[in-house]
>>> print(open('protein25.cif').read())   # mmCIF, C-alpha atoms
data_work
#
loop_
_atom_site.label_atom_id
_atom_site.label_comp_id
_atom_site.auth_asym_id
_atom_site.auth_seq_id
_atom_site.Cartn_x
_atom_site.Cartn_y
_atom_site.Cartn_z
CA MET A 1 11.09 26.84 0.38
CA SER A 2 13.25 28.77 2.82
CA GLN A 3 16.94 29.59 2.83
CA PHE A 4 17.34 27.24 5.79
CA LEU A 5 16.47 23.98 4.02
CA SER A 6 19.32 21.48 4.25
CA LEU A 7 21.00 20.11 1.14
CA GLU A 8 19.82 16.62 2.09
CA ALA A 9 16.18 17.72 2.24
CA LEU A 10 16.59 19.72 -0.95
CA ARG A 11 17.61 16.55 -2.80
CA CYS A 12 14.42 14.76 -1.73
CA ALA A 13 11.67 14.17 -4.26
CA PRO A 14 8.63 13.98 -1.97
CA TYR A 15 5.94 11.39 -2.61
CA THR A 16 2.85 13.04 -4.10
CA PRO A 17 -0.40 11.72 -2.57
CA GLY A 18 -3.59 11.54 -4.60
CA GLU A 19 -5.95 14.49 -4.54
CA GLN A 20 -8.08 14.75 -1.40
CA PRO A 21 -10.83 17.31 -2.14
CA GLN A 22 -12.64 18.38 1.00
CA ASP A 23 -15.95 19.37 -0.59
CA GLN A 24 -16.99 15.78 -1.51
CA GLN A 25 -18.20 16.86 -4.94
CA TYR A 26 -16.27 14.06 -6.65
CA ILE A 27 -16.57 10.30 -6.90
CA LYS A 28 -13.12 9.49 -5.48
CA LEU A 29 -11.46 6.63 -7.33
CA ASN A 30 -7.92 7.94 -7.02
CA THR A 31 -6.46 6.93 -3.64
CA ASN A 32 -7.38 3.24 -3.21
CA GLU A 33 -9.58 3.78 -0.18
CA SER A 34 -12.33 1.32 0.66
CA PRO A 35 -15.82 2.24 -0.55
CA PHE A 36 -17.22 0.78 2.68
CA PRO A 37 -17.34 2.20 6.21
CA PRO A 38 -15.36 0.52 8.98
CA SER A 39 -16.74 -2.52 10.77
CA PRO A 40 -19.67 -1.75 13.11
CA ARG A 41 -17.42 -3.09 15.87
CA VAL A 42 -15.09 -0.15 15.27
CA THR A 43 -17.90 2.36 15.74
CA LYS A 44 -18.93 0.65 18.96
CA ALA A 45 -15.37 0.38 20.31
CA VAL A 46 -14.54 4.07 19.80
CA SER A 47 -16.88 5.16 22.57
CA ARG A 48 -17.41 8.44 24.37
CA ALA A 49 -15.52 7.00 27.33
CA GLU A 50 -12.50 6.34 25.12
CA LEU A 51 -12.68 9.82 23.64
CA GLN A 52 -12.49 11.24 27.14
CA LYS A 53 -9.17 9.42 27.65
CA LEU A 54 -7.41 11.39 24.93
CA TYR A 55 -5.65 13.46 27.59
CA LEU A 56 -3.52 10.34 28.21
CA TYR A 57 -0.72 9.10 25.98
CA SER A 58 -1.37 5.98 23.95
CA ASP A 59 0.32 2.68 24.78
CA PRO A 60 3.79 2.88 23.17
CA ALA A 61 3.94 -0.92 22.99
CA CYS A 62 0.58 -1.08 21.15
CA ALA A 63 0.07 -4.29 23.14
CA ALA A 64 -3.67 -4.84 22.65
CA LEU A 65 -3.55 -4.21 18.90
CA ASN A 66 -0.42 -6.29 18.39
CA ALA A 67 -2.07 -9.15 20.30
CA ALA A 68 -5.20 -8.93 18.13
CA ILE A 69 -3.12 -9.01 14.95
CA ALA A 70 -1.04 -11.90 16.26
CA ARG A 71 -4.18 -13.93 17.07
CA TYR A 72 -5.64 -13.37 13.62
CA TYR A 73 -2.47 -14.39 11.79
CA GLU A 74 -1.57 -17.19 14.25
CA LEU A 75 1.64 -15.51 15.38
CA GLN A 76 3.01 -14.29 18.70
CA PRO A 77 2.89 -10.60 19.73
CA GLU A 78 6.68 -10.41 19.50
CA ASN A 79 6.28 -11.07 15.78
CA VAL A 80 4.22 -7.87 15.28
CA ILE A 81 4.89 -4.13 15.25
CA THR A 82 2.21 -1.50 14.67
CA GLY A 83 2.74 1.89 13.06
CA ASN A 84 1.07 5.11 12.06
CA GLY A 85 0.14 3.68 8.68
CA SER A 86 2.26 1.20 6.75
CA ASP A 87 4.29 4.14 5.39
CA GLU A 88 5.78 4.65 8.84
CA ILE A 89 6.59 0.95 9.12
CA LEU A 90 8.30 1.08 5.72
CA ALA A 91 10.28 4.12 6.85
CA PHE A 92 11.41 2.18 9.93
CA ALA A 93 12.48 -0.70 7.67
CA PHE A 94 14.51 1.53 5.34
CA ARG A 95 16.22 3.12 8.33
CA ALA A 96 16.81 -0.20 10.14
CA PHE A 97 18.06 -2.38 7.30
CA CYS A 98 19.70 -0.01 4.80
CA GLY A 99 22.72 2.21 5.19
CA GLN A 100 26.39 2.45 4.42
CA GLY A 101 27.34 -0.53 2.27
CA LYS A 102 23.75 -1.83 2.34
CA PRO A 103 21.84 -0.33 -0.60
CA ALA A 104 18.16 -1.10 -1.15
CA ALA A 105 16.64 -2.63 -4.28
CA PHE A 106 13.13 -2.13 -5.61
CA ALA A 107 11.36 -2.02 -8.95
CA ASP A 108 11.63 1.01 -11.20
CA ILE A 109 7.83 1.14 -11.34
CA THR A 110 6.40 0.61 -7.87
CA TYR A 111 5.10 2.50 -4.83
CA GLY A 112 6.68 5.96 -4.99
CA PHE A 113 7.28 6.07 -1.23
CA TYR A 114 10.31 3.78 -1.61
CA GLU A 115 12.07 6.37 -3.76
CA ALA A 116 11.12 9.17 -1.37
CA GLN A 117 12.42 7.32 1.67
CA THR A 118 15.78 6.43 0.19
CA ALA A 119 16.24 10.08 -0.79
CA LEU A 120 15.18 11.35 2.64
CA PHE A 121 17.57 9.04 4.48
CA GLY A 122 20.39 9.50 1.98
CA LEU A 123 20.43 5.79 1.08
CA GLU A 124 21.80 4.12 -2.00
CA ALA A 125 19.20 2.33 -4.10
CA GLU A 126 19.08 0.19 -7.22
CA ARG A 127 15.94 0.43 -9.33
CA ILE A 128 15.35 -2.82 -11.17
CA PRO A 129 13.21 -2.51 -14.31
CA LEU A 130 9.97 -4.41 -14.66
CA ARG A 131 9.49 -6.44 -17.80
CA GLU A 132 7.81 -4.89 -20.82
CA ASP A 133 4.48 -6.34 -19.67
CA PHE A 134 4.99 -4.72 -16.21
CA SER A 135 5.58 -8.07 -14.50
CA LEU A 136 8.34 -8.47 -11.91
CA ASN A 137 11.04 -11.08 -12.50
CA VAL A 138 12.60 -12.24 -9.23
CA GLU A 139 15.62 -13.55 -11.15
CA ASP A 140 16.67 -9.91 -11.51
CA TYR A 141 17.03 -9.68 -7.71
CA MET A 142 18.73 -12.98 -6.95
CA GLU A 143 22.30 -11.67 -6.77
CA PHE A 144 21.52 -8.32 -5.17
CA PRO A 145 23.45 -8.15 -1.87
CA GLY A 146 21.26 -5.74 0.13
CA PRO A 147 17.69 -5.44 1.41
CA ILE A 148 14.96 -5.95 -1.19
CA PHE A 149 11.59 -4.20 -1.13
CA ILE A 150 8.78 -5.73 -3.17
CA ALA A 151 5.20 -4.47 -3.31
CA ASN A 152 3.05 -7.55 -3.87
CA PRO A 153 0.60 -6.85 -5.46
CA ASN A 154 2.54 -4.03 -7.02
CA ALA A 155 1.41 -0.42 -7.30
CA PRO A 156 0.32 1.15 -9.55
CA THR A 157 0.00 -1.94 -11.77
CA GLY A 158 -1.96 -4.21 -9.40
CA MET A 159 0.03 -7.22 -10.63
CA ALA A 160 1.15 -9.92 -8.19
CA ILE A 161 3.81 -12.60 -8.07
CA PRO A 162 3.38 -15.99 -6.37
CA ARG A 163 4.63 -16.66 -2.86
CA ALA A 164 7.01 -19.26 -4.28
CA ASP A 165 8.97 -16.48 -6.01
CA ILE A 166 9.49 -14.68 -2.70
CA GLN A 167 10.52 -17.98 -1.13
CA ARG A 168 13.27 -18.39 -3.73
CA LEU A 169 14.63 -14.94 -2.88
CA LEU A 170 14.61 -15.73 0.84
CA GLU A 171 16.45 -19.01 0.35
CA LYS A 172 18.98 -17.62 -2.12
CA ASP A 173 20.58 -15.40 0.54
CA PRO A 174 19.45 -15.91 4.18
CA GLY A 175 21.66 -12.97 5.17
CA ARG A 176 19.57 -10.50 3.17
CA VAL A 177 16.26 -9.02 4.36
CA VAL A 178 13.32 -9.23 1.97
CA VAL A 179 10.53 -6.75 2.77
CA VAL A 180 7.20 -7.66 1.16
CA ASP A 181 4.73 -4.79 1.11
CA GLU A 182 1.30 -6.45 1.09
CA ALA A 183 -0.90 -3.35 1.21
CA TYR A 184 -3.28 -4.90 -1.34
CA VAL A 185 -2.85 -8.61 -0.70
CA ASP A 186 -6.33 -9.13 0.74
CA PHE A 187 -7.93 -8.56 -2.66
CA GLY A 188 -6.46 -11.59 -4.39
CA GLY A 189 -2.73 -11.82 -3.73
CA GLU A 190 -0.88 -14.67 -2.03
CA SER A 191 0.39 -13.56 1.39
CA CYS A 192 3.84 -14.45 2.68
CA VAL A 193 2.70 -14.46 6.32
CA PRO A 194 2.65 -18.31 6.46
CA MET A 195 6.42 -18.29 5.82
CA ILE A 196 7.36 -16.02 8.74
CA TYR A 197 8.40 -18.81 11.12
CA ARG A 198 10.48 -20.49 8.40
CA TYR A 199 12.54 -17.49 7.31
CA ASP A 200 14.29 -15.11 9.69
CA ASN A 201 14.94 -12.66 6.84
CA LEU A 202 11.29 -12.08 5.86
CA LEU A 203 9.36 -8.96 6.86
CA VAL A 204 5.73 -8.65 5.76
CA VAL A 205 4.15 -5.17 5.87
CA GLN A 206 0.39 -4.68 5.72
CA THR A 207 -2.14 -1.90 6.30
CA MET A 208 -5.67 -1.43 7.57
CA SER A 209 -6.26 1.45 5.15
CA LYS A 210 -7.64 -0.66 2.32
CA SER A 211 -9.31 -3.95 3.22
CA ARG A 212 -10.26 -2.90 6.75
CA SER A 213 -11.60 0.56 5.84
CA LEU A 214 -9.37 2.53 8.20
CA ALA A 215 -7.47 4.82 5.82
CA GLY A 216 -8.25 7.79 8.06
CA GLY A 217 -7.21 5.88 11.16
CA ARG A 218 -3.63 5.46 9.89
CA VAL A 219 -2.93 1.92 11.12
CA GLY A 220 -0.22 -0.19 9.55
CA PHE A 221 1.71 -3.17 10.84
CA ALA A 222 4.54 -5.53 10.05
CA MET A 223 5.08 -9.18 10.87
CA GLY A 224 8.32 -11.08 10.97
CA HIS A 225 10.95 -12.83 13.07
CA ALA A 226 11.16 -11.40 16.59
CA GLY A 227 14.67 -10.11 15.86
CA LEU A 228 13.46 -8.07 12.89
CA ILE A 229 10.64 -6.62 14.97
CA GLN A 230 13.14 -5.65 17.66
CA ASP A 231 15.18 -3.85 14.99
CA LEU A 232 12.12 -1.86 13.90
CA ASN A 233 11.24 -1.02 17.50
CA ARG A 234 14.76 0.28 17.99
CA VAL A 235 14.10 2.80 15.22
CA LYS A 236 10.57 3.54 16.44
CA TYR A 237 11.70 4.33 19.99
CA SER A 238 14.40 6.59 18.60
CA PHE A 239 11.85 8.50 16.55
CA ASN A 240 8.28 8.48 17.92
CA PRO A 241 7.48 6.08 20.79
CA TYR A 242 3.79 7.04 21.00
CA ASN A 243 3.36 6.61 17.27
CA VAL A 244 -0.20 5.23 17.14
CA ASN A 245 -2.94 7.27 18.79
CA ARG A 246 -5.34 5.83 21.38
CA LEU A 247 -8.41 5.77 19.12
CA SER A 248 -6.61 4.09 16.23
CA LEU A 249 -5.30 1.37 18.54
CA ILE A 250 -8.86 0.61 19.61
CA ALA A 251 -10.28 0.86 16.09
CA GLY A 252 -7.57 -1.38 14.65
CA ALA A 253 -8.14 -4.14 17.19
CA ALA A 254 -11.91 -4.05 16.61
CA ALA A 255 -11.44 -4.17 12.83
CA VAL A 256 -9.13 -7.20 13.01
CA GLU A 257 -11.55 -9.05 15.26
CA ASP A 258 -14.44 -8.70 12.78
CA ALA A 259 -13.27 -11.28 10.26
CA ALA A 260 -16.72 -11.77 8.73
CA TYR A 261 -17.11 -8.08 7.83
CA PHE A 262 -13.57 -7.98 6.45
CA GLU A 263 -14.18 -10.99 4.20
CA THR A 264 -17.50 -9.58 2.95
CA CYS A 265 -15.90 -6.28 1.95
CA CYS A 266 -12.97 -7.98 0.20
CA LYS A 267 -15.28 -10.22 -1.82
CA ALA A 268 -17.42 -7.24 -2.82
CA VAL A 269 -14.35 -5.37 -4.08
CA GLN A 270 -13.21 -8.41 -6.05
CA GLY A 271 -16.64 -8.74 -7.64
CA ASN A 272 -16.77 -5.04 -8.53
CA ARG A 273 -13.25 -5.27 -9.96
CA ALA A 274 -14.28 -8.12 -12.25
CA TRP A 275 -17.32 -6.16 -13.43
CA LEU A 276 -15.33 -2.99 -14.11
CA THR A 277 -12.61 -4.93 -15.93
CA GLY A 278 -15.26 -6.37 -18.23
CA GLU A 279 -16.73 -2.94 -18.90
CA LEU A 280 -13.32 -1.43 -19.63
CA GLU A 281 -12.46 -4.23 -22.04
CA ARG A 282 -15.84 -3.76 -23.73
CA LEU A 283 -14.84 -0.16 -24.34
CA GLY A 284 -11.52 -1.24 -25.86
CA PHE A 285 -9.26 -0.62 -22.89
CA THR A 286 -6.21 -2.71 -22.11
CA VAL A 287 -6.40 -3.69 -18.43
CA LEU A 288 -3.45 -5.19 -16.59
CA PRO A 289 -4.30 -8.28 -14.48
CA SER A 290 -5.03 -6.92 -11.01
CA SER A 291 -4.96 -8.58 -7.60
CA ALA A 292 -5.52 -5.24 -5.85
CA ASN A 293 -8.44 -2.92 -5.14
CA PHE A 294 -7.69 -0.95 -8.30
CA VAL A 295 -7.09 -1.51 -11.99
CA PHE A 296 -4.47 0.00 -14.29
CA ALA A 297 -5.91 0.61 -17.75
CA LYS A 298 -5.25 2.42 -21.01
CA SER A 299 -7.13 3.20 -24.20
CA GLN A 300 -5.71 3.49 -27.70
CA ARG A 301 -8.21 6.27 -28.38
CA ILE A 302 -7.26 8.77 -25.68
CA SER A 303 -4.17 9.60 -23.64
CA GLY A 304 -4.08 8.94 -19.94
CA GLY A 305 -3.72 12.61 -19.09
CA GLU A 306 -6.67 13.64 -21.24
CA LEU A 307 -8.84 10.88 -19.83
CA TYR A 308 -7.97 11.95 -16.30
CA ARG A 309 -8.93 15.55 -17.15
CA LEU A 310 -12.23 14.66 -18.82
CA LEU A 311 -13.24 12.31 -16.01
CA LYS A 312 -12.55 15.07 -13.51
CA GLU A 313 -14.88 17.30 -15.49
CA GLU A 314 -17.47 14.53 -15.12
CA GLY A 315 -16.98 14.63 -11.34
CA ILE A 316 -14.82 11.48 -11.11
CA LEU A 317 -11.24 11.43 -9.82
CA VAL A 318 -8.79 8.77 -10.99
CA ARG A 319 -4.99 8.72 -10.69
CA TRP A 320 -2.68 9.62 -13.56
CA PHE A 321 1.11 9.41 -13.42
CA ASP A 322 3.05 11.72 -15.74
CA LYS A 323 6.00 9.34 -16.00
CA ASP A 324 7.68 7.25 -18.68
CA ARG A 325 5.82 4.00 -19.48
CA LEU A 326 2.85 5.12 -17.36
CA ARG A 327 1.47 8.17 -19.18
CA ASP A 328 -1.00 6.21 -21.28
CA PHE A 329 -2.59 4.62 -18.20
CA VAL A 330 -4.95 5.68 -15.46
CA ARG A 331 -5.27 3.91 -12.13
CA ILE A 332 -8.86 3.43 -11.03
CA THR A 333 -9.79 2.51 -7.47
CA ILE A 334 -12.53 -0.10 -7.16
CA GLY A 335 -15.51 1.54 -5.51
CA SER A 336 -19.11 0.58 -4.89
CA MET A 337 -21.20 -0.79 -7.76
CA GLU A 338 -22.98 2.56 -7.98
CA GLN A 339 -19.62 4.30 -8.40
CA MET A 340 -18.45 1.74 -10.95
CA ALA A 341 -21.65 2.17 -12.97
CA ALA A 342 -21.26 5.96 -12.89
CA LEU A 343 -17.68 5.60 -14.12
CA ALA A 344 -18.70 3.27 -16.95
CA ASP A 345 -21.41 5.73 -18.05
CA ALA A 346 -18.92 8.61 -18.01
CA LEU A 347 -16.43 6.62 -20.06
CA ASP A 348 -19.15 5.85 -22.59
CA ARG A 349 -19.92 9.56 -22.98
CA ILE A 350 -16.27 10.56 -23.23
CA LEU A 351 -15.39 7.98 -25.87
CA GLU A 352 -18.53 8.65 -27.91
CA ALA A 353 -17.58 12.34 -28.07
CA LEU A 354 -14.13 11.64 -29.54
#
>>> encode(input="protein25.cif", output="structure tokens")
Amino acid sequence: MSQFLSLEALRCAPYTPGEQPQDQQYIKLNTNESPFPPSPRVTKAVSRAELQKLYLYSDPACAALNAAIARYYELQPENVITGNGSDEILAFAFRAFCGQGKPAAFADITYGFYEAQTALFGLEAERIPLREDFSLNVEDYMEFPGPIFIANPNAPTGMAIPRADIQRLLEKDPGRVVVVDEAYVDFGGESCVPMIYRYDNLLVVQTMSKSRSLAGGRVGFAMGHAGLIQDLNRVKYSFNPYNVNRLSLIAGAAAVEDAAYFETCCKAVQGNRAWLTGELERLGFTVLPSSANFVFAKSQRISGGELYRLLKEEGILVRWFDKDRLRDFVRITIGSMEQMAALADALDRILEAL
């Protein structure tokens, strides 16, 4: 780092993304991407004619994409904001709803971006421990006075809580915003979107990176009361008005409109997850109950760090977190059946060699 770095930036602990090797020599099961290509409608929509329009700015209002999302979720466009990935939307939410006298609350084991954002913006935060079994107890949040951020299903555990638990938080204090990060909800979680018109203090954040196969397109969105969306737009227009590029706006709308392809991909991931969970349990792994497109698993026979290293030698990348309570585990993205079979074979070889 340079001598010019500010003290505020120096205090930040940046979020560390999963490895992204560029030579494609690995089976990538470390960053929760979809194993499937985008909808054929996306390929058709991103035409040569659209590519030739890249000399023009994108629509800062993201009107066409917001309208497509609103139609799919039976909302109005004023209930939707689109961002450059859900991370940007979350950053807007931290900046809009937290500040002096308004600390944020989130789990001690959850998506690492929450910690990074509070540090970057100089916000106060309370980290509320998960239970010993890694489940989240909403009772621990009931009396918290500020904005609450809950990943549901959670990361890296994959565990989900029912919508009724979120409802209790919303009703306990209508003057407190509850942000529900549903990045993985399409793989078996219970979405809070149906409650948006009932609760002015609910913001639901989703992404097209996982279930709609657009991780490289960087399209995220949030849904909530029109007033909350206006708050987020206030931050957006103070930061980056043209935040979603022209091609991603087109690709996102096409992906949302292909409901059949979306449902087929989600069901395939759920089926592959069930198969892999069975294989892992056959090999003696403990697997946390997952409603996401990944599983969190540990073996009594090998440490998480050693398993990560040996799988990498086998040409398979998984995610390992060198943190308290997590070191024994690896997080494994659900891929195609061919990838899952290759992983199971590699695990067999590794454990037999111990």
>>> closest_residue(input="protein25.cif", among="A:Asp258, A:Glu171, A:Glu143, A:Asp231", to="Ala68 of chain A", atoms="all atoms listed in the file")
A:Asp258
>>> closest_residue(input="protein25.cif", among="A:Glu126, A:Glu182, A:Glu115, A:Glu8", to="Lys210 of chain A", atoms="all atoms listed in the file")
A:Glu182
>>> atom_distance(input="protein25.cif", atom1="atom CA of Pro174 of chain A", atom2="atom CA of Leu202 of chain A")
9.2 Å
>>> resolve_selection(input="protein25.cif", expression="the PyMOL selection byres ((chain A and resi 241) around 12)", output="list of chain:residue names")
A:Tyr57, A:Ser58, A:Asp59, A:Pro60, A:Ala61, A:Cys62, A:Ile81, A:Thr82, A:Gly83, A:Asn84, A:Leu232, A:Asn233, A:Arg234, A:Val235, A:Lys236, A:Tyr237, A:Ser238, A:Phe239, A:Asn240, A:Tyr242, A:Asn243, A:Val244, A:Asn245
>>> residues_around(input="protein25.cif", residues="segment 274-286 of chain A", least_positions_apart="5", cutoff="6 Å", atoms="all atoms listed in the file", output="list in words")
Ala297, Lys298 and Ser299 of chain A
>>> closest_residue(input="protein25.cif", among="A:Leu203, A:Met340, A:Val138, A:Met1", to="Lys172 of chain A", atoms="all atoms listed in the file")
A:Val138
>>> resolve_selection(input="protein25.cif", expression="the PyMOL selection byres ((chain A and resi 271) around 12)", output="PDB file with C-alpha atoms, in the frame of the given file")
ATOM      1  CA  PHE A 187      -7.930  -8.560  -2.660  1.00  0.00           C
ATOM      2  CA  GLY A 188      -6.460 -11.590  -4.390  1.00  0.00           C
ATOM      3  CA  THR A 264     -17.500  -9.580   2.950  1.00  0.00           C
ATOM      4  CA  CYS A 265     -15.900  -6.280   1.950  1.00  0.00           C
ATOM      5  CA  CYS A 266     -12.970  -7.980   0.200  1.00  0.00           C
ATOM      6  CA  LYS A 267     -15.280 -10.220  -1.820  1.00  0.00           C
ATOM      7  CA  ALA A 268     -17.420  -7.240  -2.820  1.00  0.00           C
ATOM      8  CA  VAL A 269     -14.350  -5.370  -4.080  1.00  0.00           C
ATOM      9  CA  GLN A 270     -13.210  -8.410  -6.050  1.00  0.00           C
ATOM     10  CA  ASN A 272     -16.770  -5.040  -8.530  1.00  0.00           C
ATOM     11  CA  ARG A 273     -13.250  -5.270  -9.960  1.00  0.00           C
ATOM     12  CA  ALA A 274     -14.280  -8.120 -12.250  1.00  0.00           C
ATOM     13  CA  TRP A 275     -17.320  -6.160 -13.430  1.00  0.00           C
ATOM     14  CA  LEU A 276     -15.330  -2.990 -14.110  1.00  0.00           C
ATOM     15  CA  THR A 277     -12.610  -4.930 -15.930  1.00  0.00           C
ATOM     16  CA  GLY A 278     -15.260  -6.370 -18.230  1.00  0.00           C
ATOM     17  CA  SER A 291      -4.960  -8.580  -7.600  1.00  0.00           C
ATOM     18  CA  ALA A 292      -5.520  -5.240  -5.850  1.00  0.00           C
ATOM     19  CA  ASN A 293      -8.440  -2.920  -5.140  1.00  0.00           C
ATOM     20  CA  PHE A 294      -7.690  -0.950  -8.300  1.00  0.00           C
ATOM     21  CA  ILE A 334     -12.530  -0.100  -7.160  1.00  0.00           C
ATOM     22  CA  GLY A 335     -15.510   1.540  -5.510  1.00  0.00           C
ATOM     23  CA  SER A 336     -19.110   0.580  -4.890  1.00  0.00           C
ATOM     24  CA  MET A 337     -21.200  -0.790  -7.760  1.00  0.00           C
ATOM     25  CA  MET A 340     -18.450   1.740 -10.950  1.00  0.00           C
TER      26      MET A 340
END
>>> residues_around(input="protein25.cif", residues="Ala107 of chain A", least_positions_apart="5", cutoff="8 Å", atoms="all atoms listed in the file", output="PDB file with C-alpha atoms, in the coordinates of the input")
ATOM      1  CA  ARG A 127      15.940   0.430  -9.330  1.00  0.00           C
ATOM      2  CA  ILE A 128      15.350  -2.820 -11.170  1.00  0.00           C
ATOM      3  CA  PRO A 129      13.210  -2.510 -14.310  1.00  0.00           C
ATOM      4  CA  LEU A 130       9.970  -4.410 -14.660  1.00  0.00           C
ATOM      5  CA  LEU A 136       8.340  -8.470 -11.910  1.00  0.00           C
ATOM      6  CA  ILE A 150       8.780  -5.730  -3.170  1.00  0.00           C
TER       7      ILE A 150
END
>>> resolve_selection(input="protein25.cif", expression="the PyMOL selection byres ((chain A and resi 212-217) around 12)", output="MDAnalysis selection string")
chainID A and resid 20 31:43 46 83:87 183:187 206:211 218:220 244:266 269 293
>>> closest_residue(input="protein25.cif", among="A:Leu123, A:Ala64, A:Leu56, A:Ile161", to="Ala96 of chain A", atoms="all atoms listed in the file")
A:Leu123
>>> axis_aligned_box(input="protein25.cif", around="segment 348-353 of chain A", padding_each_side="5 Å", output="lines of an AutoDock Vina configuration file")
center_x = -17.7
center_y = 9.1
center_z = -25.3
size_x = 14.5
size_y = 16.5
size_z = 15.5
>>> closest_residue(input="protein25.cif", among="A:Leu347, A:Ala116, A:Val178, A:Ala70", to="Ala13 of chain A", atoms="only C-alpha atoms")
A:Ala116
>>> closest_residue(input="protein25.cif", among="A:Ala125, A:Glu19, A:Glu313, A:Ala119", to="Gly101 of chain A", atoms="all atoms listed in the file")
A:Ala125
>>> atom_distance(input="protein25.cif", atom1="atom CA of Leu10 of chain A", atom2="atom CA of Phe121 of chain A")
12.0 Å
>>> atom_distance(input="protein25.cif", atom1="atom CA of Pro153 of chain A", atom2="atom CA of Lys28 of chain A")
21.3 Å
>>> residues_around(input="protein25.cif", residues="Thr118 of chain A", least_positions_apart="4", cutoff="10 Å", atoms="only C-alpha atoms", output="PyMOL selection string")
chain A and resi 12-13+91+94-95+98-99+103-104+113-114+122-125
>>> build_atoms(input="protein25.cif", residues="segment 226-240 of chain A", atoms="N, CA and C atoms", output="PDB file, in the frame of the given file")
ATOM      1  N   ALA A 226      11.096 -12.300  15.440  1.00  0.00           N
ATOM      2  CA  ALA A 226      11.160 -11.400  16.590  1.00  0.00           C
ATOM      3  C   ALA A 226      12.372 -10.477  16.526  1.00  0.00           C
ATOM      4  N   GLY A 227      13.487 -10.952  15.973  1.00  0.00           N
ATOM      5  CA  GLY A 227      14.670 -10.110  15.860  1.00  0.00           C
ATOM      6  C   GLY A 227      14.453  -8.936  14.933  1.00  0.00           C
ATOM      7  N   LEU A 228      13.773  -9.164  13.816  1.00  0.00           N
ATOM      8  CA  LEU A 228      13.460  -8.070  12.890  1.00  0.00           C
ATOM      9  C   LEU A 228      12.541  -7.041  13.542  1.00  0.00           C
ATOM     10  N   ILE A 229      11.570  -7.530  14.291  1.00  0.00           N
ATOM     11  CA  ILE A 229      10.640  -6.620  14.970  1.00  0.00           C
ATOM     12  C   ILE A 229      11.375  -5.784  16.011  1.00  0.00           C
ATOM     13  N   GLN A 230      12.327  -6.395  16.694  1.00  0.00           N
ATOM     14  CA  GLN A 230      13.140  -5.650  17.660  1.00  0.00           C
ATOM     15  C   GLN A 230      13.936  -4.541  16.948  1.00  0.00           C
ATOM     16  N   ASP A 231      14.450  -4.861  15.764  1.00  0.00           N
ATOM     17  CA  ASP A 231      15.180  -3.850  14.990  1.00  0.00           C
ATOM     18  C   ASP A 231      14.281  -2.655  14.671  1.00  0.00           C
ATOM     19  N   LEU A 232      13.051  -2.938  14.243  1.00  0.00           N
ATOM     20  CA  LEU A 232      12.120  -1.860  13.900  1.00  0.00           C
ATOM     21  C   LEU A 232      11.739  -1.055  15.141  1.00  0.00           C
ATOM     22  N   ASN A 233      11.565  -1.740  16.260  1.00  0.00           N
ATOM     23  CA  ASN A 233      11.240  -1.020  17.500  1.00  0.00           C
ATOM     24  C   ASN A 233      12.391  -0.134  17.952  1.00  0.00           C
ATOM     25  N   ARG A 234      13.606  -0.557  17.664  1.00  0.00           N
ATOM     26  CA  ARG A 234      14.760   0.280  17.990  1.00  0.00           C
ATOM     27  C   ARG A 234      14.679   1.626  17.260  1.00  0.00           C
ATOM     28  N   VAL A 235      14.274   1.564  15.984  1.00  0.00           N
ATOM     29  CA  VAL A 235      14.100   2.800  15.220  1.00  0.00           C
ATOM     30  C   VAL A 235      12.896   3.581  15.736  1.00  0.00           C
ATOM     31  N   LYS A 236      11.795   2.877  15.959  1.00  0.00           N
ATOM     32  CA  LYS A 236      10.570   3.540  16.440  1.00  0.00           C
ATOM     33  C   LYS A 236      10.828   4.319  17.725  1.00  0.00           C
ATOM     34  N   TYR A 237      11.492   3.685  18.695  1.00  0.00           N
ATOM     35  CA  TYR A 237      11.700   4.330  19.990  1.00  0.00           C
ATOM     36  C   TYR A 237      12.766   5.414  19.925  1.00  0.00           C
ATOM     37  N   SER A 238      13.470   5.489  18.812  1.00  0.00           N
ATOM     38  CA  SER A 238      14.400   6.590  18.600  1.00  0.00           C
ATOM     39  C   SER A 238      13.730   7.755  17.876  1.00  0.00           C
ATOM     40  N   PHE A 239      12.521   7.517  17.389  1.00  0.00           N
ATOM     41  CA  PHE A 239      11.850   8.500  16.550  1.00  0.00           C
ATOM     42  C   PHE A 239      10.536   8.993  17.147  1.00  0.00           C
ATOM     43  N   ASN A 240       9.611   8.072  17.459  1.00  0.00           N
ATOM     44  CA  ASN A 240       8.280   8.480  17.920  1.00  0.00           C
ATOM     45  C   ASN A 240       7.643   7.332  18.714  1.00  0.00           C
TER      46      ASN A 240
END
